[in-house]
file protein_19.cif (mmCIF, C-alpha atoms, pLDDT in the B column; chains and numbers go by the auth columns)
data_my_file
#
loop_
_atom_site.group_PDB
_atom_site.id
_atom_site.type_symbol
_atom_site.label_atom_id
_atom_site.label_comp_id
_atom_site.label_asym_id
_atom_site.label_seq_id
_atom_site.Cartn_x
_atom_site.Cartn_y
_atom_site.Cartn_z
_atom_site.B_iso_or_equiv
_atom_site.auth_seq_id
_atom_site.auth_asym_id
ATOM 1 C CA MET A 1 -43.509 70.504 -304.159 35.00 1440 E
ATOM 2 C CA SER A 2 -44.624 71.810 -300.760 36.00 1441 E
ATOM 3 C CA PHE A 3 -47.931 72.082 -299.033 38.00 1442 E
ATOM 4 C CA CYS A 4 -48.971 74.186 -296.083 40.00 1443 E
ATOM 5 C CA TYR A 5 -51.054 73.033 -293.189 37.00 1444 E
ATOM 6 C CA VAL A 6 -51.746 73.784 -289.570 38.00 1445 E
ATOM 7 C CA PRO A 7 -51.660 70.606 -287.473 38.00 1446 E
ATOM 8 C CA GLU A 8 -55.160 69.857 -286.206 36.00 1447 E
ATOM 9 C CA ILE A 9 -53.712 68.041 -283.193 36.00 1448 E
ATOM 10 C CA ILE A 10 -52.749 71.425 -281.816 39.00 1449 E
ATOM 11 C CA LEU A 11 -55.988 73.397 -281.744 43.00 1450 E
ATOM 12 C CA PRO A 12 -55.053 76.106 -279.282 58.00 1451 E
ATOM 13 C CA GLU A 13 -57.099 78.897 -277.913 79.00 1452 E
ATOM 14 C CA ILE A 14 -57.119 81.924 -280.181 85.00 1453 E
ATOM 15 C CA VAL A 15 -57.792 85.354 -278.738 87.00 1454 E
ATOM 16 C CA LEU A 16 -57.804 88.494 -280.870 88.00 1455 E
ATOM 17 C CA ASP A 17 -58.480 91.734 -279.040 91.00 1456 E
ATOM 18 C CA ASP A 18 -59.192 94.936 -281.012 93.00 1457 E
ATOM 19 C CA ILE A 19 -57.076 93.934 -284.023 92.00 1458 E
ATOM 20 C CA SER A 20 -56.610 96.594 -286.687 93.00 1459 E
ATOM 21 C CA PHE A 21 -54.601 96.279 -289.887 94.00 1460 E
ATOM 22 C CA SER A 22 -54.062 98.406 -292.971 93.00 1461 E
ATOM 23 C CA TYR A 23 -52.381 97.930 -296.299 91.00 1462 E
ATOM 24 C CA GLY A 24 -50.979 101.431 -296.724 90.00 1463 E
ATOM 25 C CA SER A 25 -53.901 103.817 -296.310 92.00 1464 E
ATOM 26 C CA ARG A 26 -56.519 101.084 -296.908 91.00 1465 E
ATOM 27 C CA ARG A 27 -57.949 99.837 -293.595 93.00 1466 E
ATOM 28 C CA VAL A 28 -58.708 96.117 -293.930 92.00 1467 E
ATOM 29 C CA LEU A 29 -59.448 95.187 -290.306 93.00 1468 E
ATOM 30 C CA ASP A 30 -60.777 97.665 -287.753 93.00 1469 E
ATOM 31 C CA GLN A 31 -60.916 96.694 -284.064 94.00 1470 E
ATOM 32 C CA VAL A 32 -61.728 93.031 -284.682 91.00 1471 E
ATOM 33 C CA SER A 33 -62.108 90.853 -281.581 91.00 1472 E
ATOM 34 C CA LEU A 34 -62.487 87.088 -281.608 87.00 1473 E
ATOM 35 C CA ARG A 35 -62.173 84.206 -279.205 87.00 1474 E
ATOM 36 C CA VAL A 36 -62.004 80.546 -280.242 85.00 1475 E
ATOM 37 C CA SER A 37 -61.666 78.249 -277.252 80.00 1476 E
ATOM 38 C CA ASN A 38 -59.515 75.147 -277.210 71.00 1477 E
ATOM 39 C CA GLY A 39 -61.298 72.404 -279.130 68.00 1478 E
ATOM 40 C CA GLU A 40 -63.814 74.690 -280.835 75.00 1479 E
ATOM 41 C CA ARG A 41 -64.046 74.950 -284.595 75.00 1480 E
ATOM 42 C CA ALA A 42 -64.536 78.286 -286.275 78.00 1481 E
ATOM 43 C CA PHE A 43 -65.376 79.215 -289.839 80.00 1482 E
ATOM 44 C CA LEU A 44 -64.452 82.461 -291.499 82.00 1483 E
ATOM 45 C CA VAL A 45 -66.900 83.489 -294.197 84.00 1484 E
ATOM 46 C CA GLY A 46 -67.248 86.754 -296.068 82.00 1485 E
ATOM 47 C CA PRO A 47 -67.043 88.455 -299.440 84.00 1486 E
ATOM 48 C CA ASN A 48 -63.757 88.987 -301.273 83.00 1487 E
ATOM 49 C CA GLY A 49 -61.571 91.770 -299.982 82.00 1488 E
ATOM 50 C CA VAL A 50 -62.905 92.072 -296.447 87.00 1489 E
ATOM 51 C CA GLY A 51 -59.749 90.741 -294.767 88.00 1490 E
ATOM 52 C CA LYS A 52 -60.342 87.003 -294.241 87.00 1491 E
ATOM 53 C CA SER A 53 -56.885 85.991 -295.459 86.00 1492 E
ATOM 54 C CA THR A 54 -55.261 88.865 -293.592 89.00 1493 E
ATOM 55 C CA LEU A 55 -56.972 87.785 -290.371 89.00 1494 E
ATOM 56 C CA LEU A 56 -55.740 84.206 -290.842 85.00 1495 E
ATOM 57 C CA LYS A 57 -52.214 85.500 -291.480 85.00 1496 E
ATOM 58 C CA ILE A 58 -52.414 87.464 -288.230 88.00 1497 E
ATOM 59 C CA VAL A 59 -53.616 84.389 -286.325 85.00 1498 E
ATOM 60 C CA SER A 60 -50.747 82.308 -287.739 79.00 1499 E
ATOM 61 C CA GLY A 61 -48.194 85.017 -286.956 80.00 1500 E
ATOM 62 C CA ASP A 62 -47.277 85.620 -290.591 79.00 1501 E
ATOM 63 C CA VAL A 63 -48.541 89.236 -290.344 86.00 1502 E
ATOM 64 C CA THR A 64 -48.369 91.598 -287.362 89.00 1503 E
ATOM 65 C CA PRO A 65 -51.436 93.753 -286.719 92.00 1504 E
ATOM 66 C CA ASP A 66 -51.112 97.542 -286.592 94.00 1505 E
ATOM 67 C CA SER A 67 -52.783 97.498 -283.179 92.00 1506 E
ATOM 68 C CA GLY A 68 -54.469 95.109 -280.795 90.00 1507 E
ATOM 69 C CA SER A 69 -53.258 91.903 -279.238 87.00 1508 E
ATOM 70 C CA VAL A 70 -53.052 88.319 -280.461 86.00 1509 E
ATOM 71 C CA ILE A 71 -52.770 85.139 -278.449 81.00 1510 E
ATOM 72 C CA SER A 72 -52.547 82.154 -280.733 78.00 1511 E
ATOM 73 C CA GLY A 73 -50.747 78.837 -280.718 67.00 1512 E
ATOM 74 C CA VAL A 74 -51.342 78.437 -284.441 67.00 1513 E
ATOM 75 C CA VAL A 75 -48.124 78.198 -286.407 57.00 1514 E
ATOM 76 C CA SER A 76 -48.317 77.950 -290.159 59.00 1515 E
ATOM 77 C CA GLN A 77 -46.040 75.408 -291.725 59.00 1516 E
ATOM 78 C CA CYS A 78 -44.851 74.702 -295.208 62.00 1517 E
ATOM 79 C CA LEU A 79 -43.647 71.130 -295.282 67.00 1518 E
ATOM 80 C CA PRO A 80 -41.736 69.451 -298.051 70.00 1519 E
ATOM 81 C CA ASP A 81 -43.389 66.567 -299.818 71.00 1520 E
ATOM 82 C CA PRO A 82 -41.930 63.389 -298.249 73.00 1521 E
ATOM 83 C CA GLN A 83 -42.207 61.649 -301.621 73.00 1522 E
ATOM 84 C CA THR A 84 -39.730 64.061 -303.237 78.00 1523 E
ATOM 85 C CA PHE A 85 -37.754 65.401 -300.244 79.00 1524 E
ATOM 86 C CA ASP A 86 -34.028 65.218 -300.936 83.00 1525 E
ATOM 87 C CA GLY A 87 -32.512 65.022 -297.471 83.00 1526 E
ATOM 88 C CA SER A 88 -32.282 63.006 -294.300 81.00 1527 E
ATOM 89 C CA VAL A 89 -35.033 62.160 -291.822 79.00 1528 E
ATOM 90 C CA ALA A 90 -33.443 64.567 -289.325 80.00 1529 E
ATOM 91 C CA GLN A 91 -33.436 67.347 -291.929 84.00 1530 E
ATOM 92 C CA PHE A 92 -37.096 66.682 -292.685 84.00 1531 E
ATOM 93 C CA VAL A 93 -37.977 66.968 -288.993 83.00 1532 E
ATOM 94 C CA ASP A 94 -35.918 70.195 -288.789 84.00 1533 E
ATOM 95 C CA VAL A 95 -37.891 71.679 -291.688 85.00 1534 E
ATOM 96 C CA ALA A 96 -41.171 70.637 -290.051 82.00 1535 E
ATOM 97 C CA LEU A 97 -40.147 72.265 -286.766 86.00 1536 E
ATOM 98 C CA MET A 98 -38.655 75.416 -288.334 85.00 1537 E
ATOM 99 C CA PRO A 99 -41.602 77.733 -287.501 81.00 1538 E
ATOM 100 C CA LEU A 100 -41.428 76.648 -283.864 85.00 1539 E
ATOM 101 C CA LYS A 101 -37.642 77.083 -283.791 87.00 1540 E
ATOM 102 C CA LYS A 102 -37.985 80.588 -285.261 87.00 1541 E
ATOM 103 C CA LEU A 103 -40.565 81.430 -282.610 87.00 1542 E
ATOM 104 C CA LEU A 104 -38.224 80.154 -279.884 91.00 1543 E
ATOM 105 C CA ALA A 105 -35.358 82.213 -281.339 92.00 1544 E
ATOM 106 C CA ARG A 106 -37.534 85.350 -281.396 91.00 1545 E
ATOM 107 C CA PHE A 107 -38.558 84.639 -277.801 93.00 1546 E
ATOM 108 C CA GLU A 108 -34.883 84.538 -276.804 94.00 1547 E
ATOM 109 C CA GLN A 109 -34.225 87.834 -278.633 94.00 1548 E
ATOM 110 C CA VAL A 110 -37.176 89.566 -276.974 92.00 1549 E
ATOM 111 C CA THR A 111 -36.208 88.159 -273.564 93.00 1550 E
ATOM 112 C CA GLU A 112 -32.652 89.473 -273.944 93.00 1551 E
ATOM 113 C CA SER A 113 -33.936 92.880 -275.037 92.00 1552 E
ATOM 114 C CA ILE A 114 -36.249 93.129 -272.043 90.00 1553 E
ATOM 115 C CA ALA A 115 -33.386 92.094 -269.761 91.00 1554 E
ATOM 116 C CA ILE A 116 -31.407 95.146 -270.881 91.00 1555 E
ATOM 117 C CA GLY A 117 -34.347 97.492 -270.321 87.00 1556 E
ATOM 118 C CA GLN A 118 -36.284 97.548 -273.622 82.00 1557 E
ATOM 119 C CA THR A 119 -39.693 97.282 -271.970 79.00 1558 E
ATOM 120 C CA LEU A 120 -41.532 98.227 -275.171 82.00 1559 E
ATOM 121 C CA LEU A 121 -41.274 94.566 -276.169 84.00 1560 E
ATOM 122 C CA ALA A 122 -43.223 93.349 -273.122 85.00 1561 E
ATOM 123 C CA SER A 123 -46.428 92.877 -275.128 83.00 1562 E
ATOM 124 C CA GLU A 124 -44.624 90.837 -277.797 85.00 1563 E
ATOM 125 C CA TYR A 125 -42.998 88.789 -275.028 88.00 1564 E
ATOM 126 C CA ASP A 126 -46.425 87.980 -273.568 85.00 1565 E
ATOM 127 C CA GLN A 127 -47.819 87.014 -276.971 82.00 1566 E
ATOM 128 C CA ILE A 128 -44.881 84.771 -277.866 86.00 1567 E
ATOM 129 C CA LEU A 129 -44.867 83.139 -274.424 87.00 1568 E
ATOM 130 C CA ALA A 130 -48.598 82.380 -274.705 81.00 1569 E
ATOM 131 C CA GLN A 131 -48.072 80.893 -278.162 79.00 1570 E
ATOM 132 C CA LEU A 132 -45.129 78.765 -276.992 85.00 1571 E
ATOM 133 C CA ASN A 133 -47.154 77.516 -274.038 82.00 1572 E
ATOM 134 C CA CYS A 134 -50.096 76.620 -276.326 75.00 1573 E
ATOM 135 C CA LEU A 135 -47.694 74.644 -278.508 76.00 1574 E
ATOM 136 C CA ASP A 136 -46.010 72.997 -275.503 80.00 1575 E
ATOM 137 C CA ALA A 137 -42.755 74.091 -277.113 85.00 1576 E
ATOM 138 C CA TRP A 138 -40.691 73.205 -274.081 85.00 1577 E
ATOM 139 C CA SER A 139 -41.172 69.473 -274.636 87.00 1578 E
ATOM 140 C CA VAL A 140 -40.984 69.298 -278.434 86.00 1579 E
ATOM 141 C CA ASP A 141 -37.886 67.060 -278.553 85.00 1580 E
ATOM 142 C CA ARG A 142 -39.432 64.548 -276.171 87.00 1581 E
ATOM 143 C CA ARG A 143 -42.710 64.587 -278.140 85.00 1582 E
ATOM 144 C CA VAL A 144 -40.885 63.991 -281.444 83.00 1583 E
ATOM 145 C CA ASP A 145 -39.110 60.983 -279.923 83.00 1584 E
ATOM 146 C CA GLU A 146 -42.381 59.635 -278.472 85.00 1585 E
ATOM 147 C CA THR A 147 -44.169 60.100 -281.792 81.00 1586 E
ATOM 148 C CA PHE A 148 -41.460 58.264 -283.733 79.00 1587 E
ATOM 149 C CA ASP A 149 -41.574 55.485 -281.148 81.00 1588 E
ATOM 150 C CA ARG A 150 -45.386 55.140 -281.309 82.00 1589 E
ATOM 151 C CA LEU A 151 -45.264 55.010 -285.120 76.00 1590 E
ATOM 152 C CA ASN A 152 -42.623 52.264 -285.004 76.00 1591 E
ATOM 153 C CA LEU A 153 -40.087 54.658 -286.516 74.00 1592 E
ATOM 154 C CA ALA A 154 -37.720 54.687 -283.521 72.00 1593 E
ATOM 155 C CA GLU A 155 -34.933 53.426 -285.774 75.00 1594 E
ATOM 156 C CA PHE A 156 -34.878 56.892 -287.383 71.00 1595 E
ATOM 157 C CA MET A 157 -34.056 58.725 -284.151 70.00 1596 E
ATOM 158 C CA GLY A 158 -30.466 59.529 -283.202 66.00 1597 E
ATOM 159 C CA PHE A 159 -28.006 58.214 -285.791 63.00 1598 E
ATOM 160 C CA GLY A 160 -30.928 56.765 -287.762 65.00 1599 E
ATOM 161 C CA GLY A 161 -31.954 60.345 -288.516 69.00 1600 E
ATOM 162 C CA ASN A 162 -29.093 60.493 -291.025 70.00 1601 E
ATOM 163 C CA ARG A 163 -30.936 58.058 -293.277 71.00 1602 E
ATOM 164 C CA SER A 164 -32.207 59.604 -296.507 74.00 1603 E
ATOM 165 C CA VAL A 165 -35.979 60.053 -296.745 74.00 1604 E
ATOM 166 C CA ALA A 166 -35.716 58.666 -300.313 73.00 1605 E
ATOM 167 C CA THR A 167 -34.691 55.256 -298.872 73.00 1606 E
ATOM 168 C CA LEU A 168 -37.860 54.952 -296.784 70.00 1607 E
ATOM 169 C CA SER A 169 -40.741 52.804 -297.958 69.00 1608 E
ATOM 170 C CA PRO A 170 -43.916 54.647 -299.016 69.00 1609 E
ATOM 171 C CA ASP A 171 -45.557 53.484 -295.768 70.00 1610 E
ATOM 172 C CA GLN A 172 -42.669 54.822 -293.669 68.00 1611 E
ATOM 173 C CA ARG A 173 -42.833 58.159 -295.503 65.00 1612 E
ATOM 174 C CA ALA A 174 -46.582 58.400 -294.862 66.00 1613 E
ATOM 175 C CA ARG A 175 -46.085 57.636 -291.177 62.00 1614 E
ATOM 176 C CA GLN A 176 -43.290 60.221 -290.987 57.00 1615 E
ATOM 177 C CA LEU A 177 -45.611 62.830 -292.465 54.00 1616 E
ATOM 178 C CA ALA A 178 -48.323 61.834 -289.982 55.00 1617 E
ATOM 179 C CA SER A 179 -45.902 62.364 -287.107 56.00 1618 E
ATOM 180 C CA ARG A 180 -46.035 66.127 -287.413 50.00 1619 E
#
call {"tool": "encode", "arguments": {"input": "protein_19.cif", "output": "C-alpha cells"}}
result
Amino acid sequence: MSFCYVPEIILPEIVLDDISFSYGSRRVLDQVSLRVSNGERAFLVGPNGVGKSTLLKIVSGDVTPDSGSVISGVVSQCLPDPQTFDGSVAQFVDVALMPLKKLLARFEQVTESIAIGQTLLASEYDQILAQLNCLDAWSVDRRVDETFDRLNLAEFMGFGGNRSVATLSPDQRARQLASR
C-alpha cells in the first residue's frame, strides 16, 4: 500500500505564467497565471472538468504544460507504507527521495545538452534550477542525516541503514515516516 503526499515543510513559492494545456483538441487550461508566495496557503475550487487536477499535476511536475512557464518546488511523492515496506531503512529513504533524484538527473541531462549547444532547453533549465533551489536539493544528504539525528534515529544512518524496516518498532517506523 502506498500513499501520496507533498511535504508541508517545503511550501515553496509557486509561479505559473500563462499556462495552457490541452488533452488532444480539448483545451483544459488557457493562459492561467497564478502566484502563491512562500508560506501562503491556496485552495483550488471549481466544478468537475475545469482542469483542477491537471493544474495540480502541472504544479507538481507530473504534467508539462503546452505553453507558459512554471516555477514550483512542489514534488509529488508516492511513499511506501512503513508498516508493510519490505526493504532496508536506506532503501526506504531512497524511495522517499526518488522524485528529487529524478529531478537532479534531469537537471544534469539538460545542463549537458545546453553545454553542447542545445539552447532550446534553456527554459526547462531555469524551471528545474528554480525548483531545485526551492527544495534546497544541494543539501539533501546533510538534511537527512540531521533529521535522523534529531529524531534519535542516528543508529540507522551509514551501516545502520541496512537494517530492515520490518525490524523497527512501530514508534521508530512512525518517526522514520515523519522524517520526510
call {"tool": "resolve_selection", "arguments": {"input": "protein_19.cif", "expression": "the PyMOL selection byres ((chain E and resi 1453) around 6)", "output": "MDAnalysis selection string"}}
result
chainID E and resid 1452 1454 1474:1475 1510:1511
call {"tool": "atom_distance", "arguments": {"input": "protein_19.cif", "atom1": "CA of Leu1494 (chain E)", "atom2": "CA of Leu1468 (chain E)"}}
result
7.8 Å
call {"tool": "residues_around", "arguments": {"input": "protein_19.cif", "residues": "Val1471 (chain E)", "least_positions_apart": "4", "cutoff": "9 Å", "atoms": "only C-alpha atoms", "output": "PyMOL selection string"}}
result
chain E and resi 1455-1459+1507
call {"tool": "residues_around", "arguments": {"input": "protein_19.cif", "residues": "region 1463-1465 of chain E", "least_positions_apart": "3", "cutoff": "12 Å", "atoms": "all atoms listed in the file", "output": "number ranges by chain"}}
result
E: 1459-1460, 1468-1469, 1488-1490, 1505
call {"tool": "resolve_selection", "arguments": {"input": "protein_19.cif", "expression": "the PyMOL selection byres ((chain E and resi 1567) around 10)", "output": "list in words"}}
result
Gly1500, Val1509, Ile1510, Ser1511, Gly1512, Leu1542, Leu1543, Arg1545, Phe1546, Val1549, Ala1561, Ser1562, Glu1563, Tyr1564, Asp1565, Gln1566, Leu1568, Ala1569, Gln1570, Leu1571, Asn1572 and Cys1573 of chain E
call {"tool": "closest_residue", "arguments": {"input": "protein_19.cif", "among": "E:Asp1588, E:Ala1544, E:Ser1603, E:Gln1470", "to": "Phe1531 (chain E)", "atoms": "all atoms listed in the file"}}
result
E:Ser1603
call {"tool": "resolve_selection", "arguments": {"input": "protein_19.cif", "expression": "the PyMOL selection byres ((chain E and resi 1596) around 12)", "output": "list in words"}}
result
Ser1527, Val1528, Ala1529, Gln1530, Val1532, Asp1580, Arg1581, Val1583, Asp1584, Glu1585, Thr1586, Phe1587, Asp1588, Leu1590, Asn1591, Leu1592, Ala1593, Glu1594, Phe1595, Gly1597, Phe1598, Gly1599, Gly1600, Asn1601, Arg1602 and Gln1615 of chain E
